[in-house]
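Right, one structure below, let's go through it.
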Amino acid sequence: MTQQSIAELVARGCAAHGVKRAFGVPGGGSSLDLIEAFDRHGIDFVLCRTETGAALMAAADAELRHGFGVAVATQGPGAASAMNGLAHASLDRAPVLFISDGWTDAQRALDAHQVFDQHAMSAPVVKAAARLESEAPALEFDRLVDAMLAAPWGPAHLVLTGANAKRRVVIDATAPPRPAPASAPQPQTRLQADATALLARAKRPVVLLGLEAREPRTLQQVVRLVQQLHCPVLTTYKAKGLFSDDAEWTVGHVTGGAAERATLDAADLVLSIGLDPVELIGPVRCGDTPVLELALFTRPVQPVRAAASLLGPLAPALASLLPECRRSQWSSEEIAALRLGMRERLGCAGGEDGAALSPQAVVEVALDAAASPRPAITVDAGAHMFSAMALWRADVPGGALISNGLATMGFALPAAIARALHDPARPTLAFTGDGGLMMCAGELATAAQQRARLCVVVFNDGALSLIALKQRNRGMAPAGVGWSRADFADVARGFGLRAFSVHDEAGYRQALRAALDHDGPSLIDVRVDPTGYQAQARALRG
């Protein structure tokens with residue numbers, strides 16, 4: 001037994017769960033004690049420029065490590081500023097421990113400056129909250145971790161006052177870290193026999209792969225199942241890269257839109273694995289084709305109408321199905337044709353503006369210019385995500401990160417920083433629109449300070465193009481969705497990045513070569529012709 005401060009207890013608990021970095025904007029209270037304690041336990045503190053950026057970096061870190069991320073902020077405005085990042089962590093199922101400073105009862109009695117109920121503010125988007133003020137703070141901390149790592153994964157909020165951070169308590173410093181909680185099996189909505197019978201009868205199954213499959217043991221079983229079935233695979237945006245886009249079975253994405261219908265219409269069984277309804281723009285339309293669903297838990301909103309469901313931990317459920325997996329009747333040529341068909345739906349390059357690149361070309365040229373190892377990508381919300389997600393070929397888990405459940409703008413750059421710090425040997429491309437970058441441009445300074453090996457590719461079309469599409473589709477005159485094009489290369493240079501402005505393919509290729517060879521952060525400001533977005537949106541979403 002030994003005495004440690006609460007800040008030390010938190011740092012020790014984070015380190016025991018594999019946390020390597022904490023992201024944040026500190027204040028003058030508990031965050032300073034935490035930074036000091038993190039350092040003693042081998043956790044780097046990454047100074048961010050915005051609290052939302054810090055929370056988004058922590059969420060990306062959580063996805064990449066299959067654990068929980070950590071974000072730190074001061075009380076009041078700092079905590080309030082982080083809420084969009086926590087909403088992303090909630091809807092995109094990322095365990096994030098958000099630690100904000102707070103006020104003691106004595107402080108509340110004397111001062112109303114910046115004071116509000118921070119737990120009440122975060123309550124709609126966090127799974128658990130605590131202050132670690134009991135006589136058993138280690139148990140409180142463990143409960144926060146358990147809540148974050150139990151399905152559905154998500155954030156927790158720790159309000160830690162400066163006085164409590166310094167409080168010393170007796171703990172067992174020799175106790176080993178507890179394993180992450182397993183998802184508790186729930187009563188099966190259908191018998192196992194029904195599930196195996198469906199699979200045994202299937203001649204032309206199709207696999208839909210969602211974000212719950214990103215747990216490594218689950219993914220191993222998914223690979224075995226698909227190899228045995230030799231069948232088409234459609235992944236959600238959040239599952240992109242879990243099954244390599246280069247694999248012969250990968251056809252494209254399932255979004256609840258129109259693009260995947262040709263594949264689904266040709267199936268006699270849809271095997272839905274780890275699909276979360278927050279990943280989709282609408283329910284998956286399978287017609288009369290039966291659906292076998294594997295999910296961690298049942299939900300009030302179902303992504304598919306299942307004929308049979310296996311609920312609970314996915315790895316053992318998949319293992320139970322493997323004996324019934326036989327090679328399907330799908331030929332490699334049929335699967336390849338479906339893949340080509342989905343890509344051809346995106347073959348609407350636009351290009352009416354001779355002084356600009358099409359969104360499709362921005363992605364395809366980057367893919368062509370990429371060396372081995374292929375860069376990871378992060379993708380912002382906006383019309384450019386149609387090209388980025390459909391045309392980029394991610395080849396590793398974590399090779400493509402996107403905000404999909406919340407679909408927040410301002411995600412790509414913070415996520416790219418976390419991705420680059422997690423794996424500095426593999427370059428990262430952040431595909432962002434001009435509107436998205438404006439929301440988080442200060443994090444360019446974070447990238448420069450960290451010397452993160454990333455390249456920000458800005459689709460600069462001077463508009464909120466996705467909103468402009470919706471406006472046009474409603475027959476409205478254009479208003480409130482455009483601005484003069486900013487010079488993001490000048491902005492980036494001011495923050496210390498290597499930067500380029502391009503408007504044609506030759507200049508873009510040259511800039512990509514220089515950026516990908518650079519051992520620090522770069523930015524390429526690409527003038528983009530948005531005329532192809534309308535056809536892309538129609539092709540993908542219907």
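Every chain in the structure tokens has a letter given in the order shown (A, B, ...), and although residue numbers restart at 1 in each chain, ligands are simply numbered from 1 in the order shown.
Non-sequential neighbours of A:Gly78 (distance at most 10 Å, separation of 5 or more positions within a chain, only C-alpha atoms) are A:Gly24, A:Val25, A:Pro26, A:Gly27, A:Thr50, A:Glu51, A:Thr52, A:Val72, A:Ala73, A:Met83, A:Ser100, A:Asp101.
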Generate a file of the selected residues that holds C-alpha atoms, formatted as a CSV table (one decimal), in the first residue's frame.
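Wrote again34.csv, looks like this:
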chain,number,residue,atom,x,y,z
A,24,GLY,CA,-5.8,19.1,-24.3
A,25,VAL,CA,-5.7,22.8,-23.5
A,26,PRO,CA,-4.8,23.3,-19.8
A,27,GLY,CA,-6.0,25.8,-17.3
A,50,THR,CA,-8.8,24.1,-29.3
A,51,GLU,CA,-10.7,21.9,-26.8
A,52,THR,CA,-12.8,20.4,-29.5
A,72,VAL,CA,-8.1,17.6,-20.8
A,73,ALA,CA,-9.6,21.0,-20.5
A,83,MET,CA,-18.7,19.3,-26.3
A,100,SER,CA,-12.2,19.0,-17.0
A,101,ASP,CA,-11.3,21.2,-14.0
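For stretch 271-277 of chain A, the list of residues within 7 Å, based on only C-alpha atoms and with local chain neighbours fewer than 3 positions off taken out, reads Pro205, Val206, Val207, Leu208, Leu209, Gly210, Leu211, Glu212, Ala213, Leu280, Val291, Leu292, Glu293, Leu294, Ala295, Leu296, Val301, Gln302 and Pro303 of chain A.
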Put those residues in a file: C-alpha atoms, as a short mmCIF file (atom, residue, chain, number, x, y, z; two decimals), in the first residue's frame.
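Generated file (again04.cif):
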data_model
loop_
_atom_site.label_atom_id
_atom_site.label_comp_id
_atom_site.auth_asym_id
_atom_site.auth_seq_id
_atom_site.Cartn_x
_atom_site.Cartn_y
_atom_site.Cartn_z
CA PRO A 205 -24.20 -14.46 -49.16
CA VAL A 206 -23.05 -10.86 -48.85
CA VAL A 207 -21.26 -9.53 -45.75
CA LEU A 208 -21.98 -6.07 -44.34
CA LEU A 209 -19.21 -4.99 -41.98
CA GLY A 210 -19.72 -2.25 -39.40
CA LEU A 211 -17.75 -0.44 -36.73
CA GLU A 212 -18.31 -3.01 -33.98
CA ALA A 213 -16.06 -5.37 -35.93
CA LEU A 280 -26.10 4.88 -42.04
CA VAL A 291 -30.65 -11.03 -42.92
CA LEU A 292 -28.51 -12.76 -40.30
CA GLU A 293 -27.41 -10.12 -37.79
CA LEU A 294 -24.45 -10.27 -35.42
CA ALA A 295 -24.33 -7.32 -33.03
CA LEU A 296 -23.03 -6.50 -29.58
CA VAL A 301 -33.39 1.64 -34.04
CA GLN A 302 -32.35 -1.34 -36.15
CA PRO A 303 -30.06 -0.94 -39.18
#
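Of the residues in stretch 348-500 of chain A, those that DSSP places in strand (DSSP E) on the basis of the backbone are Ala376, Ile377, Thr378, Val379, Ala400, Leu401, Ile402, Thr428, Leu429, Ala430, Phe431, Thr432, Gly433, Leu454, Cys455, Val456, Val457, Val458, Phe459, Asn460, Arg498, Ala499 and Phe500 of chain A.
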Output the selection as a PDB file, in the first residue's frame - N, CA and C atoms for each residue.
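Saved to part16.pdb:
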ATOM      1  N   ALA A 376      -2.297   6.651 -44.607  1.00  0.00           N
ATOM      2  CA  ALA A 376      -3.613   6.616 -43.990  1.00  0.00           C
ATOM      3  C   ALA A 376      -4.332   7.908 -44.364  1.00  0.00           C
ATOM      4  N   ILE A 377      -5.655   7.903 -44.286  1.00  0.00           N
ATOM      5  CA  ILE A 377      -6.407   9.118 -44.569  1.00  0.00           C
ATOM      6  C   ILE A 377      -7.356   9.429 -43.424  1.00  0.00           C
ATOM      7  N   THR A 378      -7.623  10.713 -43.253  1.00  0.00           N
ATOM      8  CA  THR A 378      -8.724  11.174 -42.425  1.00  0.00           C
ATOM      9  C   THR A 378      -9.592  12.045 -43.317  1.00  0.00           C
ATOM     10  N   VAL A 379     -10.893  12.007 -43.093  1.00  0.00           N
ATOM     11  CA  VAL A 379     -11.825  12.641 -44.030  1.00  0.00           C
ATOM     12  C   VAL A 379     -12.817  13.490 -43.257  1.00  0.00           C
ATOM     13  N   ALA A 400      -8.359   4.597 -42.464  1.00  0.00           N
ATOM     14  CA  ALA A 400      -9.289   5.647 -42.881  1.00  0.00           C
ATOM     15  C   ALA A 400     -10.143   6.011 -41.677  1.00  0.00           C
ATOM     16  N   LEU A 401     -10.094   7.266 -41.272  1.00  0.00           N
ATOM     17  CA  LEU A 401     -10.866   7.740 -40.125  1.00  0.00           C
ATOM     18  C   LEU A 401     -11.817   8.830 -40.592  1.00  0.00           C
ATOM     19  N   ILE A 402     -13.063   8.766 -40.105  1.00  0.00           N
ATOM     20  CA  ILE A 402     -14.080   9.742 -40.493  1.00  0.00           C
ATOM     21  C   ILE A 402     -15.053   9.918 -39.338  1.00  0.00           C
ATOM     22  N   THR A 428       0.155  10.453 -43.299  1.00  0.00           N
ATOM     23  CA  THR A 428      -1.290  10.616 -43.201  1.00  0.00           C
ATOM     24  C   THR A 428      -1.729  11.757 -44.098  1.00  0.00           C
ATOM     25  N   LEU A 429      -2.783  11.524 -44.873  1.00  0.00           N
ATOM     26  CA  LEU A 429      -3.411  12.561 -45.687  1.00  0.00           C
ATOM     27  C   LEU A 429      -4.730  12.950 -45.036  1.00  0.00           C
ATOM     28  N   ALA A 430      -4.914  14.236 -44.792  1.00  0.00           N
ATOM     29  CA  ALA A 430      -6.181  14.743 -44.262  1.00  0.00           C
ATOM     30  C   ALA A 430      -6.946  15.390 -45.405  1.00  0.00           C
ATOM     31  N   PHE A 431      -8.016  14.739 -45.852  1.00  0.00           N
ATOM     32  CA  PHE A 431      -8.865  15.301 -46.906  1.00  0.00           C
ATOM     33  C   PHE A 431      -9.937  16.167 -46.240  1.00  0.00           C
ATOM     34  N   THR A 432      -9.880  17.467 -46.467  1.00  0.00           N
ATOM     35  CA  THR A 432     -10.822  18.371 -45.812  1.00  0.00           C
ATOM     36  C   THR A 432     -11.332  19.406 -46.794  1.00  0.00           C
ATOM     37  N   GLY A 433     -12.533  19.873 -46.545  1.00  0.00           N
ATOM     38  CA  GLY A 433     -13.042  20.991 -47.316  1.00  0.00           C
ATOM     39  C   GLY A 433     -12.564  22.307 -46.734  1.00  0.00           C
ATOM     40  N   LEU A 454       2.162  14.581 -41.725  1.00  0.00           N
ATOM     41  CA  LEU A 454       0.852  14.589 -42.354  1.00  0.00           C
ATOM     42  C   LEU A 454       0.814  15.634 -43.457  1.00  0.00           C
ATOM     43  N   CYS A 455      -0.141  15.450 -44.353  1.00  0.00           N
ATOM     44  CA  CYS A 455      -0.381  16.414 -45.423  1.00  0.00           C
ATOM     45  C   CYS A 455      -1.869  16.717 -45.466  1.00  0.00           C
ATOM     46  N   VAL A 456      -2.215  17.979 -45.273  1.00  0.00           N
ATOM     47  CA  VAL A 456      -3.607  18.414 -45.363  1.00  0.00           C
ATOM     48  C   VAL A 456      -3.903  18.767 -46.820  1.00  0.00           C
ATOM     49  N   VAL A 457      -4.884  18.094 -47.408  1.00  0.00           N
ATOM     50  CA  VAL A 457      -5.308  18.370 -48.781  1.00  0.00           C
ATOM     51  C   VAL A 457      -6.647  19.085 -48.701  1.00  0.00           C
ATOM     52  N   VAL A 458      -6.678  20.354 -49.090  1.00  0.00           N
ATOM     53  CA  VAL A 458      -7.872  21.181 -48.961  1.00  0.00           C
ATOM     54  C   VAL A 458      -8.618  21.232 -50.282  1.00  0.00           C
ATOM     55  N   PHE A 459      -9.857  20.756 -50.287  1.00  0.00           N
ATOM     56  CA  PHE A 459     -10.744  20.892 -51.448  1.00  0.00           C
ATOM     57  C   PHE A 459     -11.308  22.319 -51.385  1.00  0.00           C
ATOM     58  N   ASN A 460     -10.664  23.239 -52.060  1.00  0.00           N
ATOM     59  CA  ASN A 460     -11.000  24.652 -51.933  1.00  0.00           C
ATOM     60  C   ASN A 460     -11.926  25.055 -53.073  1.00  0.00           C
ATOM     61  N   ARG A 498       4.975  23.452 -44.418  1.00  0.00           N
ATOM     62  CA  ARG A 498       5.326  23.557 -45.833  1.00  0.00           C
ATOM     63  C   ARG A 498       4.013  23.565 -46.607  1.00  0.00           C
ATOM     64  N   ALA A 499       3.853  24.489 -47.552  1.00  0.00           N
ATOM     65  CA  ALA A 499       2.539  24.650 -48.166  1.00  0.00           C
ATOM     66  C   ALA A 499       2.644  24.945 -49.656  1.00  0.00           C
ATOM     67  N   PHE A 500       1.572  24.541 -50.386  1.00  0.00           N
ATOM     68  CA  PHE A 500       1.517  24.663 -51.841  1.00  0.00           C
ATOM     69  C   PHE A 500       0.107  25.078 -52.247  1.00  0.00           C
TER      70      PHE A 500
END
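Proximity to A:Leu497 was assessed for A:Pro152, A:Pro323, A:Gly520, A:Gly480 counting only C-alpha atoms; the smallest distance is recorded for A:Gly520.
Atom pair atom CA of A:Glu63 / atom CA of A:Arg285 has a distance of 28.3 Å (rounded to one decimal).
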Write down as JSON, numbers by chain the residues of stretch 104-236 of chain A whose backbone DSSP state falls under alpha helix (DSSP H). {"A": [105, 106, 107, 108, 109, 110, 118, 119, 120, 121, 122, 137, 138, 139, 140, 141, 142, 143, 144, 145, 146, 147, 148, 149, 162, 163, 164, 165, 166, 192, 193, 194, 195, 196, 197, 198, 199, 200, 201, 216, 217, 218, 219, 220, 221, 222, 223, 224, 225, 226, 227, 228, 229]}
Mind writing the picked residues with C-alpha atoms as a short mmCIF file (atom, residue, chain, number, x, y, z; two decimals), in the first residue's frame?
data_model
loop_
_atom_site.label_atom_id
_atom_site.label_comp_id
_atom_site.auth_asym_id
_atom_site.auth_seq_id
_atom_site.Cartn_x
_atom_site.Cartn_y
_atom_site.Cartn_z
CA ASP A 105 -18.31 23.69 -2.88
CA ALA A 106 -16.35 26.41 -1.10
CA GLN A 107 -15.49 28.06 -4.41
CA ARG A 108 -19.10 27.90 -5.58
CA ALA A 109 -20.20 29.66 -2.42
CA LEU A 110 -17.91 32.61 -3.11
CA GLN A 118 -20.57 20.80 -16.32
CA HIS A 119 -21.90 17.30 -15.74
CA ALA A 120 -25.41 18.42 -16.69
CA MET A 121 -24.01 19.91 -19.90
CA SER A 122 -22.18 16.72 -20.92
CA PRO A 137 -11.56 6.95 -5.89
CA ALA A 138 -9.86 3.98 -7.57
CA LEU A 139 -13.22 2.21 -7.72
CA GLU A 140 -14.83 5.34 -9.18
CA PHE A 141 -12.12 5.48 -11.84
CA ASP A 142 -12.57 1.81 -12.70
CA ARG A 143 -16.31 2.35 -13.13
CA LEU A 144 -15.65 5.18 -15.58
CA VAL A 145 -13.35 2.93 -17.60
CA ASP A 146 -15.86 0.06 -17.51
CA ALA A 147 -18.61 2.35 -18.79
CA MET A 148 -16.48 3.66 -21.67
CA LEU A 149 -15.40 0.19 -22.84
CA GLY A 162 -7.57 21.43 -8.25
CA ALA A 163 -7.99 20.68 -4.56
CA ASN A 164 -9.05 17.09 -5.19
CA ALA A 165 -6.24 16.50 -7.70
CA LYS A 166 -3.79 17.10 -4.85
CA GLN A 192 -28.35 -20.37 -32.71
CA ALA A 193 -29.87 -23.12 -34.83
CA ASP A 194 -31.82 -20.56 -36.86
CA ALA A 195 -28.66 -18.60 -37.56
CA THR A 196 -26.61 -21.61 -38.64
CA ALA A 197 -29.47 -22.89 -40.78
CA LEU A 198 -29.68 -19.59 -42.66
CA LEU A 199 -25.96 -19.66 -43.35
CA ALA A 200 -25.94 -23.32 -44.33
CA ARG A 201 -28.64 -22.71 -46.98
CA PRO A 216 -8.97 -7.25 -33.18
CA ARG A 217 -10.27 -10.67 -32.11
CA THR A 218 -13.50 -10.05 -33.95
CA LEU A 219 -11.67 -8.94 -37.07
CA GLN A 220 -9.60 -12.14 -37.12
CA GLN A 221 -12.80 -14.19 -37.19
CA VAL A 222 -14.32 -11.97 -39.88
CA VAL A 223 -11.33 -12.58 -42.14
CA ARG A 224 -11.64 -16.35 -41.65
CA LEU A 225 -15.37 -16.29 -42.37
CA VAL A 226 -15.03 -14.25 -45.59
CA GLN A 227 -12.15 -16.38 -46.83
CA GLN A 228 -14.24 -19.51 -46.36
CA LEU A 229 -17.34 -18.01 -47.96
#
